[in-house]
>>> print(open('target18.txt').read())   # compact mmCIF, N, CA and C atoms
# COMPACT_ATOMS: atom_id res chain seq x y z
N MET A 1 0.84 -1.17 0.00
CA MET A 1 0.00 0.00 0.00
C MET A 1 0.89 1.23 0.00
N GLN A 2 0.56 2.20 -0.80
CA GLN A 2 1.27 3.47 -0.81
C GLN A 2 0.24 4.57 -0.72
N THR A 3 0.12 5.21 0.44
CA THR A 3 -0.93 6.20 0.63
C THR A 3 -0.40 7.63 0.60
N GLY A 4 0.89 7.82 0.66
CA GLY A 4 1.45 9.16 0.68
C GLY A 4 1.36 9.82 -0.69
N GLN A 5 1.55 11.13 -0.72
CA GLN A 5 1.49 11.85 -1.98
C GLN A 5 2.43 13.04 -1.92
N TYR A 6 2.76 13.56 -3.10
CA TYR A 6 3.55 14.77 -3.16
C TYR A 6 2.64 15.97 -2.91
N ILE A 7 3.21 17.07 -2.47
CA ILE A 7 2.44 18.27 -2.19
C ILE A 7 2.87 19.34 -3.17
N ASP A 8 1.97 19.74 -4.06
CA ASP A 8 2.25 20.78 -5.05
C ASP A 8 1.79 22.14 -4.53
N GLY A 9 2.43 23.19 -5.03
CA GLY A 9 1.99 24.54 -4.75
C GLY A 9 2.25 25.01 -3.34
N ILE A 10 3.34 24.59 -2.75
CA ILE A 10 3.65 24.99 -1.37
C ILE A 10 3.94 26.49 -1.31
N THR A 11 3.27 27.17 -0.38
CA THR A 11 3.48 28.61 -0.20
C THR A 11 4.10 28.94 1.16
N LYS A 12 4.10 27.98 2.08
CA LYS A 12 4.66 28.22 3.41
C LYS A 12 5.19 26.91 3.97
N ILE A 13 6.38 26.98 4.55
CA ILE A 13 6.95 25.84 5.28
C ILE A 13 7.47 26.37 6.61
N LYS A 14 6.98 25.80 7.70
CA LYS A 14 7.45 26.18 9.02
C LYS A 14 7.99 24.93 9.71
N PRO A 15 9.30 24.89 9.98
CA PRO A 15 9.85 23.74 10.70
C PRO A 15 9.50 23.79 12.18
N GLU A 16 9.53 22.62 12.82
CA GLU A 16 9.30 22.52 14.27
C GLU A 16 7.98 23.19 14.67
N ALA A 17 6.89 22.77 14.05
CA ALA A 17 5.59 23.37 14.28
C ALA A 17 4.86 22.66 15.42
N THR A 18 4.25 23.45 16.30
CA THR A 18 3.54 22.90 17.45
C THR A 18 2.06 22.77 17.14
N TYR A 19 1.50 21.64 17.54
CA TYR A 19 0.07 21.40 17.47
C TYR A 19 -0.31 20.68 18.76
N LYS A 20 -1.21 21.29 19.52
CA LYS A 20 -1.59 20.76 20.84
C LYS A 20 -0.33 20.47 21.65
N SER A 21 -0.12 19.21 22.06
CA SER A 21 1.05 18.91 22.90
C SER A 21 2.18 18.25 22.12
N SER A 22 2.16 18.34 20.80
CA SER A 22 3.22 17.75 19.98
C SER A 22 3.92 18.82 19.16
N ARG A 23 5.16 18.53 18.82
CA ARG A 23 5.91 19.37 17.89
C ARG A 23 6.25 18.49 16.70
N PHE A 24 5.70 18.86 15.55
CA PHE A 24 5.94 18.11 14.33
C PHE A 24 7.09 18.74 13.55
N ASP A 25 7.65 17.97 12.65
CA ASP A 25 8.80 18.45 11.89
C ASP A 25 8.46 19.64 11.01
N PHE A 26 7.25 19.62 10.40
CA PHE A 26 6.89 20.71 9.49
C PHE A 26 5.40 21.01 9.55
N TYR A 27 5.09 22.29 9.36
CA TYR A 27 3.75 22.75 9.03
C TYR A 27 3.86 23.36 7.65
N VAL A 28 2.97 22.97 6.73
CA VAL A 28 3.04 23.41 5.34
C VAL A 28 1.69 23.94 4.92
N GLU A 29 1.72 24.99 4.12
CA GLU A 29 0.50 25.47 3.47
C GLU A 29 0.71 25.39 1.97
N ALA A 30 -0.32 24.95 1.28
CA ALA A 30 -0.32 24.86 -0.18
C ALA A 30 -1.71 25.28 -0.64
N GLY A 31 -1.84 26.54 -1.00
CA GLY A 31 -3.18 27.06 -1.29
C GLY A 31 -4.01 26.99 -0.02
N PRO A 32 -5.20 26.42 -0.09
CA PRO A 32 -6.04 26.33 1.10
C PRO A 32 -5.66 25.16 2.02
N ARG A 33 -4.75 24.32 1.56
CA ARG A 33 -4.37 23.13 2.34
C ARG A 33 -3.45 23.52 3.50
N LYS A 34 -3.74 23.00 4.68
CA LYS A 34 -2.92 23.20 5.88
C LYS A 34 -2.50 21.82 6.35
N ILE A 35 -1.18 21.60 6.42
CA ILE A 35 -0.66 20.23 6.53
C ILE A 35 0.41 20.14 7.61
N PHE A 36 0.31 19.14 8.47
CA PHE A 36 1.38 18.80 9.40
C PHE A 36 2.11 17.58 8.86
N ILE A 37 3.44 17.60 8.97
CA ILE A 37 4.26 16.50 8.47
C ILE A 37 5.25 16.08 9.56
N GLU A 38 5.30 14.80 9.83
CA GLU A 38 6.28 14.22 10.74
C GLU A 38 7.19 13.31 9.91
N VAL A 39 8.50 13.45 10.11
CA VAL A 39 9.48 12.65 9.38
C VAL A 39 10.20 11.74 10.37
N LYS A 40 10.28 10.46 10.03
CA LYS A 40 10.98 9.49 10.87
C LYS A 40 12.12 8.88 10.07
N GLY A 41 13.32 8.87 10.64
CA GLY A 41 14.47 8.25 10.00
C GLY A 41 14.50 6.76 10.31
N VAL A 42 14.70 5.95 9.28
CA VAL A 42 14.67 4.50 9.41
C VAL A 42 16.05 3.94 9.13
N THR A 43 16.59 3.20 10.10
CA THR A 43 17.93 2.62 9.95
C THR A 43 17.96 1.12 10.18
N LEU A 44 16.80 0.50 10.39
CA LEU A 44 16.74 -0.93 10.64
C LEU A 44 16.22 -1.66 9.41
N GLU A 45 16.93 -2.72 9.03
CA GLU A 45 16.54 -3.54 7.88
C GLU A 45 16.67 -5.00 8.27
N ILE A 46 15.67 -5.79 7.93
CA ILE A 46 15.72 -7.24 8.10
C ILE A 46 15.21 -7.86 6.80
N ASN A 47 16.04 -8.65 6.17
CA ASN A 47 15.68 -9.34 4.93
C ASN A 47 15.10 -8.42 3.87
N GLY A 48 15.70 -7.25 3.72
CA GLY A 48 15.27 -6.31 2.69
C GLY A 48 14.07 -5.47 3.04
N ILE A 49 13.55 -5.61 4.26
CA ILE A 49 12.40 -4.82 4.72
C ILE A 49 12.89 -3.75 5.68
N ALA A 50 12.53 -2.50 5.42
CA ALA A 50 12.86 -1.41 6.33
C ALA A 50 11.81 -1.39 7.43
N LEU A 51 12.29 -1.29 8.69
CA LEU A 51 11.40 -1.35 9.84
C LEU A 51 11.61 -0.16 10.77
N PHE A 52 10.51 0.33 11.34
CA PHE A 52 10.57 1.38 12.35
C PHE A 52 9.51 1.07 13.39
N PRO A 53 9.84 1.25 14.64
CA PRO A 53 11.07 1.75 15.24
C PRO A 53 12.06 0.61 15.50
N ASP A 54 13.30 1.01 15.81
CA ASP A 54 14.31 0.01 16.19
C ASP A 54 14.35 -0.19 17.70
N ALA A 55 13.60 0.63 18.43
CA ALA A 55 13.43 0.52 19.89
C ALA A 55 12.06 1.12 20.22
N PRO A 56 11.44 0.71 21.31
CA PRO A 56 10.13 1.29 21.65
C PRO A 56 10.18 2.81 21.69
N THR A 57 9.11 3.45 21.19
CA THR A 57 9.06 4.91 21.12
C THR A 57 7.67 5.42 21.47
N GLN A 58 7.49 5.77 22.72
CA GLN A 58 6.22 6.35 23.15
C GLN A 58 6.00 7.69 22.45
N ARG A 59 7.07 8.43 22.22
CA ARG A 59 6.97 9.71 21.52
C ARG A 59 6.43 9.49 20.10
N GLY A 60 6.89 8.43 19.43
CA GLY A 60 6.40 8.11 18.10
C GLY A 60 4.92 7.78 18.10
N VAL A 61 4.48 7.03 19.09
CA VAL A 61 3.05 6.70 19.22
C VAL A 61 2.25 7.99 19.44
N LYS A 62 2.75 8.85 20.31
CA LYS A 62 2.08 10.13 20.58
C LYS A 62 1.96 10.95 19.30
N HIS A 63 3.03 11.02 18.52
CA HIS A 63 2.99 11.78 17.26
C HIS A 63 1.92 11.23 16.32
N LEU A 64 1.84 9.92 16.19
CA LEU A 64 0.83 9.33 15.30
C LEU A 64 -0.58 9.63 15.78
N ASN A 65 -0.81 9.53 17.08
CA ASN A 65 -2.13 9.84 17.63
C ASN A 65 -2.49 11.31 17.42
N GLU A 66 -1.53 12.19 17.61
CA GLU A 66 -1.78 13.63 17.40
C GLU A 66 -2.01 13.93 15.92
N LEU A 67 -1.29 13.25 15.00
CA LEU A 67 -1.55 13.45 13.57
C LEU A 67 -2.98 13.07 13.23
N ALA A 68 -3.48 11.99 13.82
CA ALA A 68 -4.88 11.59 13.59
C ALA A 68 -5.83 12.67 14.11
N HIS A 69 -5.50 13.31 15.22
CA HIS A 69 -6.33 14.41 15.74
C HIS A 69 -6.31 15.60 14.80
N CYS A 70 -5.18 15.84 14.15
CA CYS A 70 -5.10 16.94 13.18
C CYS A 70 -6.16 16.77 12.09
N ILE A 71 -6.35 15.54 11.64
CA ILE A 71 -7.34 15.26 10.61
C ILE A 71 -8.73 15.67 11.10
N LYS A 72 -9.05 15.31 12.34
CA LYS A 72 -10.36 15.65 12.91
C LYS A 72 -10.56 17.16 12.99
N ASP A 73 -9.45 17.91 13.13
CA ASP A 73 -9.53 19.37 13.24
C ASP A 73 -9.44 20.07 11.88
N GLY A 74 -9.46 19.28 10.78
CA GLY A 74 -9.50 19.88 9.45
C GLY A 74 -8.16 20.05 8.76
N TYR A 75 -7.09 19.59 9.38
CA TYR A 75 -5.78 19.65 8.74
C TYR A 75 -5.54 18.37 7.93
N GLU A 76 -4.56 18.42 7.04
CA GLU A 76 -4.01 17.20 6.46
C GLU A 76 -2.84 16.81 7.34
N ALA A 77 -2.51 15.52 7.31
CA ALA A 77 -1.39 15.05 8.11
C ALA A 77 -0.65 13.96 7.35
N HIS A 78 0.67 14.02 7.42
CA HIS A 78 1.53 13.05 6.75
C HIS A 78 2.59 12.56 7.73
N VAL A 79 2.92 11.28 7.63
CA VAL A 79 4.12 10.77 8.27
C VAL A 79 4.95 10.16 7.15
N VAL A 80 6.22 10.57 7.10
CA VAL A 80 7.13 10.13 6.04
C VAL A 80 8.29 9.39 6.70
N PHE A 81 8.49 8.16 6.29
CA PHE A 81 9.60 7.35 6.78
C PHE A 81 10.73 7.43 5.76
N VAL A 82 11.85 8.02 6.17
CA VAL A 82 13.01 8.16 5.29
C VAL A 82 13.96 7.01 5.60
N VAL A 83 14.04 6.09 4.67
CA VAL A 83 14.84 4.88 4.81
C VAL A 83 16.26 5.20 4.39
N GLN A 84 17.18 5.09 5.34
CA GLN A 84 18.55 5.53 5.11
C GLN A 84 19.45 4.40 4.64
N MET A 85 18.97 3.71 3.59
CA MET A 85 19.74 2.62 2.98
C MET A 85 19.06 2.26 1.67
N GLY A 86 19.76 1.51 0.83
CA GLY A 86 19.18 1.04 -0.42
C GLY A 86 18.87 -0.44 -0.33
N GLY A 87 18.39 -1.00 -1.43
CA GLY A 87 18.11 -2.43 -1.49
C GLY A 87 16.92 -2.88 -0.68
N ILE A 88 15.95 -2.00 -0.48
CA ILE A 88 14.79 -2.29 0.36
C ILE A 88 13.60 -2.66 -0.53
N THR A 89 12.85 -3.69 -0.11
CA THR A 89 11.67 -4.08 -0.87
C THR A 89 10.44 -3.28 -0.47
N HIS A 90 10.32 -2.96 0.84
CA HIS A 90 9.19 -2.17 1.32
C HIS A 90 9.45 -1.74 2.76
N PHE A 91 8.52 -0.93 3.27
CA PHE A 91 8.59 -0.47 4.66
C PHE A 91 7.42 -1.06 5.44
N SER A 92 7.67 -1.43 6.70
CA SER A 92 6.63 -1.88 7.63
C SER A 92 6.95 -1.40 9.04
N PRO A 93 5.92 -1.27 9.88
CA PRO A 93 6.20 -0.98 11.29
C PRO A 93 6.82 -2.22 11.93
N ASN A 94 7.69 -1.99 12.90
CA ASN A 94 8.37 -3.07 13.59
C ASN A 94 7.50 -3.53 14.77
N ASN A 95 6.54 -4.37 14.46
CA ASN A 95 5.60 -4.84 15.48
C ASN A 95 6.25 -5.75 16.51
N ASP A 96 7.35 -6.40 16.17
CA ASP A 96 8.04 -7.24 17.15
C ASP A 96 8.66 -6.39 18.25
N THR A 97 9.20 -5.25 17.90
CA THR A 97 9.86 -4.38 18.88
C THR A 97 8.86 -3.50 19.63
N HIS A 98 7.86 -2.97 18.90
CA HIS A 98 6.90 -2.06 19.55
C HIS A 98 5.53 -2.20 18.89
N PRO A 99 4.75 -3.20 19.31
CA PRO A 99 3.43 -3.40 18.71
C PRO A 99 2.51 -2.19 18.82
N ALA A 100 2.65 -1.39 19.87
CA ALA A 100 1.80 -0.21 20.03
C ALA A 100 2.06 0.80 18.92
N PHE A 101 3.29 0.90 18.45
CA PHE A 101 3.60 1.81 17.34
C PHE A 101 2.89 1.33 16.08
N GLY A 102 2.98 0.02 15.79
CA GLY A 102 2.30 -0.52 14.62
C GLY A 102 0.80 -0.30 14.67
N ALA A 103 0.22 -0.49 15.84
CA ALA A 103 -1.23 -0.26 16.01
C ALA A 103 -1.57 1.22 15.81
N ALA A 104 -0.74 2.10 16.34
CA ALA A 104 -0.97 3.53 16.19
C ALA A 104 -0.83 3.96 14.73
N LEU A 105 0.13 3.37 14.01
CA LEU A 105 0.32 3.70 12.59
C LEU A 105 -0.90 3.24 11.79
N SER A 106 -1.39 2.05 12.06
CA SER A 106 -2.57 1.54 11.38
C SER A 106 -3.78 2.42 11.67
N SER A 107 -3.98 2.80 12.91
CA SER A 107 -5.10 3.67 13.28
C SER A 107 -4.99 5.04 12.63
N ALA A 108 -3.79 5.59 12.62
CA ALA A 108 -3.57 6.91 12.01
C ALA A 108 -3.89 6.87 10.52
N GLU A 109 -3.43 5.82 9.85
CA GLU A 109 -3.68 5.69 8.41
C GLU A 109 -5.18 5.56 8.16
N LYS A 110 -5.87 4.81 8.98
CA LYS A 110 -7.33 4.65 8.83
C LYS A 110 -8.06 5.96 9.11
N ALA A 111 -7.48 6.82 9.95
CA ALA A 111 -8.08 8.13 10.25
C ALA A 111 -7.83 9.15 9.15
N GLY A 112 -6.95 8.81 8.19
CA GLY A 112 -6.69 9.72 7.08
C GLY A 112 -5.28 10.26 7.01
N VAL A 113 -4.41 9.87 7.94
CA VAL A 113 -3.01 10.31 7.87
C VAL A 113 -2.37 9.63 6.66
N LYS A 114 -1.71 10.41 5.82
CA LYS A 114 -1.01 9.88 4.65
C LYS A 114 0.32 9.29 5.12
N VAL A 115 0.56 8.05 4.77
CA VAL A 115 1.78 7.34 5.19
C VAL A 115 2.61 7.07 3.95
N SER A 116 3.87 7.47 3.98
CA SER A 116 4.75 7.19 2.85
C SER A 116 6.14 6.86 3.34
N ALA A 117 6.88 6.19 2.47
CA ALA A 117 8.27 5.85 2.77
C ALA A 117 9.09 6.13 1.52
N MET A 118 10.29 6.64 1.74
CA MET A 118 11.21 6.98 0.66
C MET A 118 12.58 6.45 1.03
N ASP A 119 13.33 5.98 0.03
CA ASP A 119 14.72 5.64 0.32
C ASP A 119 15.59 6.84 -0.04
N CYS A 120 16.84 6.77 0.33
CA CYS A 120 17.71 7.90 0.06
C CYS A 120 19.14 7.43 -0.18
N ALA A 121 19.90 8.31 -0.78
CA ALA A 121 21.33 8.10 -0.94
C ALA A 121 22.02 8.97 0.10
N ILE A 122 22.96 8.38 0.80
CA ILE A 122 23.67 9.12 1.84
C ILE A 122 25.12 9.34 1.41
N MET A 123 25.53 10.60 1.43
CA MET A 123 26.90 11.00 1.14
C MET A 123 27.51 11.57 2.42
N PRO A 124 28.79 11.79 2.44
CA PRO A 124 29.42 12.32 3.66
C PRO A 124 28.82 13.63 4.17
N ASP A 125 28.34 14.47 3.26
CA ASP A 125 27.83 15.77 3.71
C ASP A 125 26.39 16.05 3.29
N SER A 126 25.69 15.03 2.81
CA SER A 126 24.31 15.27 2.38
C SER A 126 23.53 13.96 2.25
N MET A 127 22.25 14.13 2.05
CA MET A 127 21.36 13.00 1.85
C MET A 127 20.36 13.41 0.77
N ILE A 128 20.13 12.53 -0.19
CA ILE A 128 19.21 12.83 -1.28
C ILE A 128 18.08 11.80 -1.28
N ILE A 129 16.86 12.29 -1.18
CA ILE A 129 15.69 11.42 -1.25
C ILE A 129 15.59 10.91 -2.69
N ARG A 130 15.35 9.60 -2.83
CA ARG A 130 15.34 9.03 -4.18
C ARG A 130 13.97 8.47 -4.56
N ASN A 131 13.62 7.33 -4.04
CA ASN A 131 12.46 6.58 -4.55
C ASN A 131 11.41 6.33 -3.49
N ARG A 132 10.16 6.33 -3.93
CA ARG A 132 9.07 5.92 -3.04
C ARG A 132 9.16 4.41 -2.84
N LEU A 133 8.83 3.99 -1.65
CA LEU A 133 8.80 2.57 -1.31
C LEU A 133 7.36 2.17 -0.98
N ASP A 134 7.04 0.92 -1.24
CA ASP A 134 5.74 0.41 -0.81
C ASP A 134 5.70 0.39 0.72
N VAL A 135 4.52 0.64 1.25
CA VAL A 135 4.29 0.61 2.69
C VAL A 135 3.30 -0.50 2.97
N LYS A 136 3.68 -1.41 3.88
CA LYS A 136 2.81 -2.49 4.31
C LYS A 136 2.61 -2.33 5.82
N ILE A 137 1.48 -1.76 6.19
CA ILE A 137 1.24 -1.38 7.57
C ILE A 137 0.76 -2.54 8.43
N ASP A 138 -0.19 -3.30 7.94
CA ASP A 138 -0.88 -4.27 8.81
C ASP A 138 -0.19 -5.62 8.92
N ARG A 139 0.85 -5.84 8.19
CA ARG A 139 1.55 -7.11 8.33
C ARG A 139 2.98 -6.95 7.85
N CYS A 140 3.83 -7.73 8.40
CA CYS A 140 5.24 -7.69 8.03
C CYS A 140 5.69 -9.13 7.76
N HIS A 141 6.26 -9.34 6.61
CA HIS A 141 6.74 -10.69 6.23
C HIS A 141 8.25 -10.65 6.09
N PHE A 142 8.94 -11.46 6.89
CA PHE A 142 10.40 -11.53 6.79
C PHE A 142 10.78 -12.66 5.87
>>> encode(input="target18.txt", output="structure tokens")
Amino acid sequence: MQTGQYIDGITKIKPEATYKSSRFDFYVEAGPRKIFIEVKGVTLEINGIALFPDAPTQRGVKHLNELAHCIKDGYEAHVVFVVQMGGITHFSPNNDTHPAFGAALSSAEKAGVKVSAMDCAIMPDSMIIRNRLDVKIDRCHF
């Protein structure tokens, strides 16, 4: 499943934007669209599958729950998983390490949060986002 999308016509980008009791990576406006975006860096891979989180993250669960609340308040919300390696077949939540994160991601997606994953090329002084990856939220196959 790939539910994320590109955002055209951006007129405003505010980093470190606060919404209720969370601080998201970005607040974006594109015409009438008002969007919160949370970015998660992914460094765990098992059998070609990128997984997040690599350790339990209550903060990550909180962010997903708050993104779902943004939808109820009329905002758009995105979570983008930036996979910091190549050779990946798809992205999934790491339910073995933190099942609550996987449940929160599934709930957020069902509430309307756009979920996407991208791989990237890493150089000594930069990182370039390259390709969209498939996202498999409700199950992970190793």
>>> closest_atom_pairs(input="target18.txt", of="stretch 31-125 of chain A", to="stretch 14-23 of chain A", cutoff="12 Å", atoms="only C-alpha atoms", output="tab-separated table")
residue	atom	partner	partner_atom	distance
A:Lys34	CA	A:Lys14	CA	11.2
A:Ile35	CA	A:Lys14	CA	10.4
A:Phe36	CA	A:Ala17	CA	7.9
A:Ile37	CA	A:Ala17	CA	9.1
A:Glu38	CA	A:Arg23	CA	8.8
A:Val39	CA	A:Glu16	CA	11.0
A:Arg59	CA	A:Ser22	CA	9.0
A:Gly60	CA	A:Ser22	CA	10.3
A:Val61	CA	A:Ser22	CA	11.1
A:Lys62	CA	A:Ser22	CA	7.7
A:His63	CA	A:Ser22	CA	6.6
A:Leu64	CA	A:Ser22	CA	9.9
A:Asn65	CA	A:Ser22	CA	9.8
A:Glu66	CA	A:Ser22	CA	7.0
A:Leu67	CA	A:Tyr19	CA	9.0
A:Ala68	CA	A:Tyr19	CA	11.7
A:His69	CA	A:Lys20	CA	9.4
A:Cys70	CA	A:Tyr19	CA	8.1
A:Ile71	CA	A:Tyr19	CA	11.8
A:Asp73	CA	A:Tyr19	CA	10.7
A:Tyr75	CA	A:Tyr19	CA	10.7
A:Ala77	CA	A:Tyr19	CA	11.4
>>> write_last_selection(input="target18.txt", atoms="N, CA and C atoms", output="mmCIF file, in the frame of the given file")
data_model
loop_
_atom_site.group_PDB
_atom_site.id
_atom_site.type_symbol
_atom_site.label_atom_id
_atom_site.label_comp_id
_atom_site.auth_asym_id
_atom_site.auth_seq_id
_atom_site.Cartn_x
_atom_site.Cartn_y
_atom_site.Cartn_z
ATOM 1 N N LYS A 34 -3.740 23.000 4.680
ATOM 2 C CA LYS A 34 -2.920 23.200 5.880
ATOM 3 C C LYS A 34 -2.500 21.820 6.350
ATOM 4 N N ILE A 35 -1.180 21.600 6.420
ATOM 5 C CA ILE A 35 -0.660 20.230 6.530
ATOM 6 C C ILE A 35 0.410 20.140 7.610
ATOM 7 N N PHE A 36 0.310 19.140 8.470
ATOM 8 C CA PHE A 36 1.380 18.800 9.400
ATOM 9 C C PHE A 36 2.110 17.580 8.860
ATOM 10 N N ILE A 37 3.440 17.600 8.970
ATOM 11 C CA ILE A 37 4.260 16.500 8.470
ATOM 12 C C ILE A 37 5.250 16.080 9.560
ATOM 13 N N GLU A 38 5.300 14.800 9.830
ATOM 14 C CA GLU A 38 6.280 14.220 10.740
ATOM 15 C C GLU A 38 7.190 13.310 9.910
ATOM 16 N N VAL A 39 8.500 13.450 10.110
ATOM 17 C CA VAL A 39 9.480 12.650 9.380
ATOM 18 C C VAL A 39 10.200 11.740 10.370
ATOM 19 N N ARG A 59 7.070 8.430 22.220
ATOM 20 C CA ARG A 59 6.970 9.710 21.520
ATOM 21 C C ARG A 59 6.430 9.490 20.100
ATOM 22 N N GLY A 60 6.890 8.430 19.430
ATOM 23 C CA GLY A 60 6.400 8.110 18.100
ATOM 24 C C GLY A 60 4.920 7.780 18.100
ATOM 25 N N VAL A 61 4.480 7.030 19.090
ATOM 26 C CA VAL A 61 3.050 6.700 19.220
ATOM 27 C C VAL A 61 2.250 7.990 19.440
ATOM 28 N N LYS A 62 2.750 8.850 20.310
ATOM 29 C CA LYS A 62 2.080 10.130 20.580
ATOM 30 C C LYS A 62 1.960 10.950 19.300
ATOM 31 N N HIS A 63 3.030 11.020 18.520
ATOM 32 C CA HIS A 63 2.990 11.780 17.260
ATOM 33 C C HIS A 63 1.920 11.230 16.320
ATOM 34 N N LEU A 64 1.840 9.920 16.190
ATOM 35 C CA LEU A 64 0.830 9.330 15.300
ATOM 36 C C LEU A 64 -0.580 9.630 15.780
ATOM 37 N N ASN A 65 -0.810 9.530 17.080
ATOM 38 C CA ASN A 65 -2.130 9.840 17.630
ATOM 39 C C ASN A 65 -2.490 11.310 17.420
ATOM 40 N N GLU A 66 -1.530 12.190 17.610
ATOM 41 C CA GLU A 66 -1.780 13.630 17.400
ATOM 42 C C GLU A 66 -2.010 13.930 15.920
ATOM 43 N N LEU A 67 -1.290 13.250 15.000
ATOM 44 C CA LEU A 67 -1.550 13.450 13.570
ATOM 45 C C LEU A 67 -2.980 13.070 13.230
ATOM 46 N N ALA A 68 -3.480 11.990 13.820
ATOM 47 C CA ALA A 68 -4.880 11.590 13.590
ATOM 48 C C ALA A 68 -5.830 12.670 14.110
ATOM 49 N N HIS A 69 -5.500 13.310 15.220
ATOM 50 C CA HIS A 69 -6.330 14.410 15.740
ATOM 51 C C HIS A 69 -6.310 15.600 14.800
ATOM 52 N N CYS A 70 -5.180 15.840 14.150
ATOM 53 C CA CYS A 70 -5.100 16.940 13.180
ATOM 54 C C CYS A 70 -6.160 16.770 12.090
ATOM 55 N N ILE A 71 -6.350 15.540 11.640
ATOM 56 C CA ILE A 71 -7.340 15.260 10.610
ATOM 57 C C ILE A 71 -8.730 15.670 11.100
ATOM 58 N N ASP A 73 -9.450 17.910 13.130
ATOM 59 C CA ASP A 73 -9.530 19.370 13.240
ATOM 60 C C ASP A 73 -9.440 20.070 11.880
ATOM 61 N N TYR A 75 -7.090 19.590 9.380
ATOM 62 C CA TYR A 75 -5.780 19.650 8.740
ATOM 63 C C TYR A 75 -5.540 18.370 7.930
ATOM 64 N N ALA A 77 -2.510 15.520 7.310
ATOM 65 C CA ALA A 77 -1.390 15.050 8.110
ATOM 66 C C ALA A 77 -0.650 13.960 7.350
#
>>> closest_residue(input="target18.txt", among="A:Gly112, A:Arg132, A:Thr97, A:Val80", to="A:Pro56", atoms="all atoms listed in the file")
A:Thr97
>>> atom_distance(input="target18.txt", atom1="atom CA of A:Thr11", atom2="atom N of A:Val113")
21.9 Å
>>> select_by_dssp(input="target18.txt", residues="stretch 82-134 of chain A", states="alpha helix (DSSP H)", output="PDB file with N, CA and C atoms, in the frame of the given file")
ATOM      1  N   PRO A  99       4.750  -3.200  19.310  1.00  0.00           N
ATOM      2  CA  PRO A  99       3.430  -3.400  18.710  1.00  0.00           C
ATOM      3  C   PRO A  99       2.510  -2.190  18.820  1.00  0.00           C
ATOM      4  N   ALA A 100       2.650  -1.390  19.870  1.00  0.00           N
ATOM      5  CA  ALA A 100       1.800  -0.210  20.030  1.00  0.00           C
ATOM      6  C   ALA A 100       2.060   0.800  18.920  1.00  0.00           C
ATOM      7  N   PHE A 101       3.290   0.900  18.450  1.00  0.00           N
ATOM      8  CA  PHE A 101       3.600   1.810  17.340  1.00  0.00           C
ATOM      9  C   PHE A 101       2.890   1.330  16.080  1.00  0.00           C
ATOM     10  N   GLY A 102       2.980   0.020  15.790  1.00  0.00           N
ATOM     11  CA  GLY A 102       2.300  -0.520  14.620  1.00  0.00           C
ATOM     12  C   GLY A 102       0.800  -0.300  14.670  1.00  0.00           C
ATOM     13  N   ALA A 103       0.220  -0.490  15.840  1.00  0.00           N
ATOM     14  CA  ALA A 103      -1.230  -0.260  16.010  1.00  0.00           C
ATOM     15  C   ALA A 103      -1.570   1.220  15.810  1.00  0.00           C
ATOM     16  N   ALA A 104      -0.740   2.100  16.340  1.00  0.00           N
ATOM     17  CA  ALA A 104      -0.970   3.530  16.190  1.00  0.00           C
ATOM     18  C   ALA A 104      -0.830   3.960  14.730  1.00  0.00           C
ATOM     19  N   LEU A 105       0.130   3.370  14.010  1.00  0.00           N
ATOM     20  CA  LEU A 105       0.320   3.700  12.590  1.00  0.00           C
ATOM     21  C   LEU A 105      -0.900   3.240  11.790  1.00  0.00           C
ATOM     22  N   SER A 106      -1.390   2.050  12.060  1.00  0.00           N
ATOM     23  CA  SER A 106      -2.570   1.540  11.380  1.00  0.00           C
ATOM     24  C   SER A 106      -3.780   2.420  11.670  1.00  0.00           C
ATOM     25  N   SER A 107      -3.980   2.800  12.910  1.00  0.00           N
ATOM     26  CA  SER A 107      -5.100   3.670  13.280  1.00  0.00           C
ATOM     27  C   SER A 107      -4.990   5.040  12.630  1.00  0.00           C
ATOM     28  N   ALA A 108      -3.790   5.590  12.620  1.00  0.00           N
ATOM     29  CA  ALA A 108      -3.570   6.910  12.010  1.00  0.00           C
ATOM     30  C   ALA A 108      -3.890   6.870  10.520  1.00  0.00           C
ATOM     31  N   GLU A 109      -3.430   5.820   9.850  1.00  0.00           N
ATOM     32  CA  GLU A 109      -3.680   5.690   8.410  1.00  0.00           C
ATOM     33  C   GLU A 109      -5.180   5.560   8.160  1.00  0.00           C
ATOM     34  N   LYS A 110      -5.870   4.810   8.980  1.00  0.00           N
ATOM     35  CA  LYS A 110      -7.330   4.650   8.830  1.00  0.00           C
ATOM     36  C   LYS A 110      -8.060   5.960   9.110  1.00  0.00           C
ATOM     37  N   ALA A 111      -7.480   6.820   9.950  1.00  0.00           N
ATOM     38  CA  ALA A 111      -8.080   8.130  10.250  1.00  0.00           C
ATOM     39  C   ALA A 111      -7.830   9.150   9.150  1.00  0.00           C
TER      40      ALA A 111
END
>>> select_by_dssp(input="target18.txt", residues="stretch 15-91 of chain A", states="strand (DSSP E or B)", output="number ranges by chain")
A: 15-19, 22-30, 33-42, 44-46, 49-52, 76-83, 90-91
>>> closest_residue(input="target18.txt", among="A:Thr43, A:Gln58, A:Ser107, A:Thr89", to="A:Leu133", atoms="only C-alpha atoms")
A:Thr89
